[in-house]
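Structure first, then comments.
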Amino acid sequence: MSGQLAEYLQACRARLRPEQVGLSTYGERRRVPGLRREEVAGLAGVSASYYVRLEQGQALHASQEVVAALARALQLNADEHAHLRELAQPRRHRSAPKPPAERVSPDTAELIASLAQPAILLGRRGDVLAWNPLGHAFFAGHLDHSSPQRPADRPNMTRLVFLDAHTRAMYENWTLKARAVVGNLRLTAGKHPDDRELSALVGELATKSPEFATMWADHRVRACASTAHHMHHPVAGEIVVKQQTLRIPHAPDQTLTVVTADPGSPSQAALTLLAQAVAMGHEQPAEEAFSPR
């Protein structure tokens with residue numbers, strides 16, 4: 001816990017400039033980017049020595065009052081404040097049991113199957129737990145439709161975004177999508193610091209993708225929400241859609257992403273044609289539809 005907390009505080013401090021928090025530098029040359037430790041401590045109303053211990057990983061935890069004061073001093077938004085709160089919680093030093101395999105409840109499976117829009121259910125690490133036929137065709141038609149049914153073969157959305165050429169080529173603003181999945185993964189890591197499979201995934205991606213490594217080191221967090229994407233879809237063509245992410249009430253670590261387009265727009269017509277192609281079994285294989293850029 002203390003290591004993640006220390007790194008996060010350092011990253012947030014480095015992103016702020018003195019003028020952003022009302023501090024005057026009088027033209028002095030500063031040797032470090034962002035705020036100094038004692039400046040953050042002063043803004044938060046805590047002692048400089050205590051804040052130094054937090055950043056050095058020597059303090060075991062921080063109270064919620066201190067967390068709130070630091071969040072104000074560092075100008076954190078709601079997601080960033082929640083992440084800081086998770087990192088500051090005291091945790092028992094013991095071997096964590098391996099979490100049970102993620103499963104899809106019958107109610108959730110029924111909901112996904114009933115949706116007329118592309119829908120995909122992700123686990124806490126971004127593994128694809130389920131998708132409806134249209135969701136499969138929209139997000140990853142080049143992969144085996146039945147793969148989410150086999151835990152060992154489940155695609156991982158973060159891995160697809162960074163390492164799969166087909167997925168990467170679909171997003172006009174790939175960086176926007178990439179930062180979103182990394183920011184959400186950061187939140188998950190804060191909630192589940194002992195998840196070995198999550199740590200292994202982060203290690204794999206940091207090794208294979210310099211872009212992931214850079215974004216991960218930035219420590220920015222972002223909860224999944226509603227985001228518009230301009231996409232080059234291999235079957236539907238040029239479309240602009242919203243990817244809206246909802247949490248499953250009885251399984252809060254699972255998220256359901258549903259794709260929609262503006263009513264009456266060309267993009268909605270394209271999604272309708274994609275749905276018709278899926279229903280008839282005539283969707284074009286992604287490998288034949290385009291060459292990765």
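Just so we're on the same page: first chain in the structure tokens is A, next is B, and so on; residues restart at 1 for each chain, and ligands are numbered from 1 in the order they show up.
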
Polymer residues at most 9 Å from Ala217 in chain A, only C-alpha atoms, same-chain spacing of 4 or more positions, as JSON, numbers by chain: {"A": [11, 212, 213]}

Ser265 in chain A surroundings by only C-alpha atoms, 12 Å radius, close-in-sequence under 3 positions cut, as a PyMOL selection string: chain A and resi 238-241+260-262+268-272

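We find CA of Arg196 in chain A and CA of Pro100 in chain A to be spaced 12.4 Å apart.
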
Picked from range 10-99 of chain A by DSSP as helix (DSSP H, G or I), as a ChimeraX atom specification: /A:10-15,18-21,37-44,48-55,64-73,78-87

All residues 10 Å or closer to range 246-252 of chain A, only C-alpha atoms, same chain fewer than 3 positions away omitted, as a PyMOL selection string: chain A and resi 102-105+108+121-124+224-226+243+255-258

Separation of CA of Val32 in chain A from CA of Ala14 in chain A in Å: 8.0 Å

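CA of Gly45 in chain A to CA of Glu7 in chain A spans 20.5 Å [interatomic distance, one decimal].
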
Contact residues around Leu201 in chain A with only C-alpha atoms at 9 Å, ignoring same-chain residues under 5 positions, as a PyMOL selection string: chain A and resi 125+159+196+206

Residues flagged strand (DSSP E or B) by DSSP in range 23-263 of chain A, as a count of residues only: 41

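Distances here use only C-alpha atoms; by that measure, the residue among A:Gln254, A:Thr214, A:Gln58, A:Ser49 closest to Gly126 in chain A is A:Gln254.
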
Who sits within 12 Å of Leu274 in chain A, only C-alpha atoms, same chain under 2 positions skipped, as a ChimeraX atom specification: /A:116-118,133-139,141,233-237,239,267-272,276-284

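By only C-alpha atoms, and with residues fewer than 3 positions from range 182-195 of chain A along its chain excluded, the set lying at most 6 Å from it is A:His83, A:Glu86, A:Leu87, A:Arg179, A:Leu198, A:Arg220, A:Val221, A:Arg222, A:Ala223.
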
Keeping only N, CA and C atoms, take the residues you just selected and write them out as a compact mmCIF listing (two decimals), in the first residue's frame.
```txt
# COMPACT_ATOMS: atom_id res chain seq x y z
N HIS A 83 -9.33 7.19 -5.51
CA HIS A 83 -8.13 6.36 -5.67
C HIS A 83 -7.15 6.61 -4.52
N GLU A 86 -8.36 4.87 -1.46
CA GLU A 86 -8.08 3.43 -1.49
C GLU A 86 -6.63 3.15 -1.12
N LEU A 87 -5.71 3.92 -1.69
CA LEU A 87 -4.29 3.69 -1.44
C LEU A 87 -3.89 3.96 0.00
N ARG A 179 -5.83 5.77 -22.91
CA ARG A 179 -5.74 6.41 -21.59
C ARG A 179 -6.93 6.03 -20.71
N LEU A 198 -3.59 -9.46 -11.88
CA LEU A 198 -3.59 -8.07 -12.34
C LEU A 198 -2.16 -7.56 -12.43
N ARG A 220 -2.28 8.47 -13.82
CA ARG A 220 -3.60 9.10 -13.95
C ARG A 220 -4.67 8.03 -13.82
N VAL A 221 -5.77 8.39 -13.18
CA VAL A 221 -6.87 7.45 -12.98
C VAL A 221 -8.13 8.00 -13.63
N ARG A 222 -8.99 7.08 -14.04
CA ARG A 222 -10.23 7.49 -14.69
C ARG A 222 -11.24 6.36 -14.61
N ALA A 223 -12.40 6.63 -14.04
CA ALA A 223 -13.45 5.62 -13.98
C ALA A 223 -14.13 5.53 -15.34
```

Shell of 12 Å around Gly57 in chain A, only C-alpha atoms, local chain residues under 3 positions omitted, as number ranges by chain: A: 1-10, 50-54, 60-62, 87-88

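Counting only C-alpha atoms, the residue from A:His230, A:Ala44, A:Ala109, A:Glu19 that sits nearest to Glu172 in chain A is A:His230.
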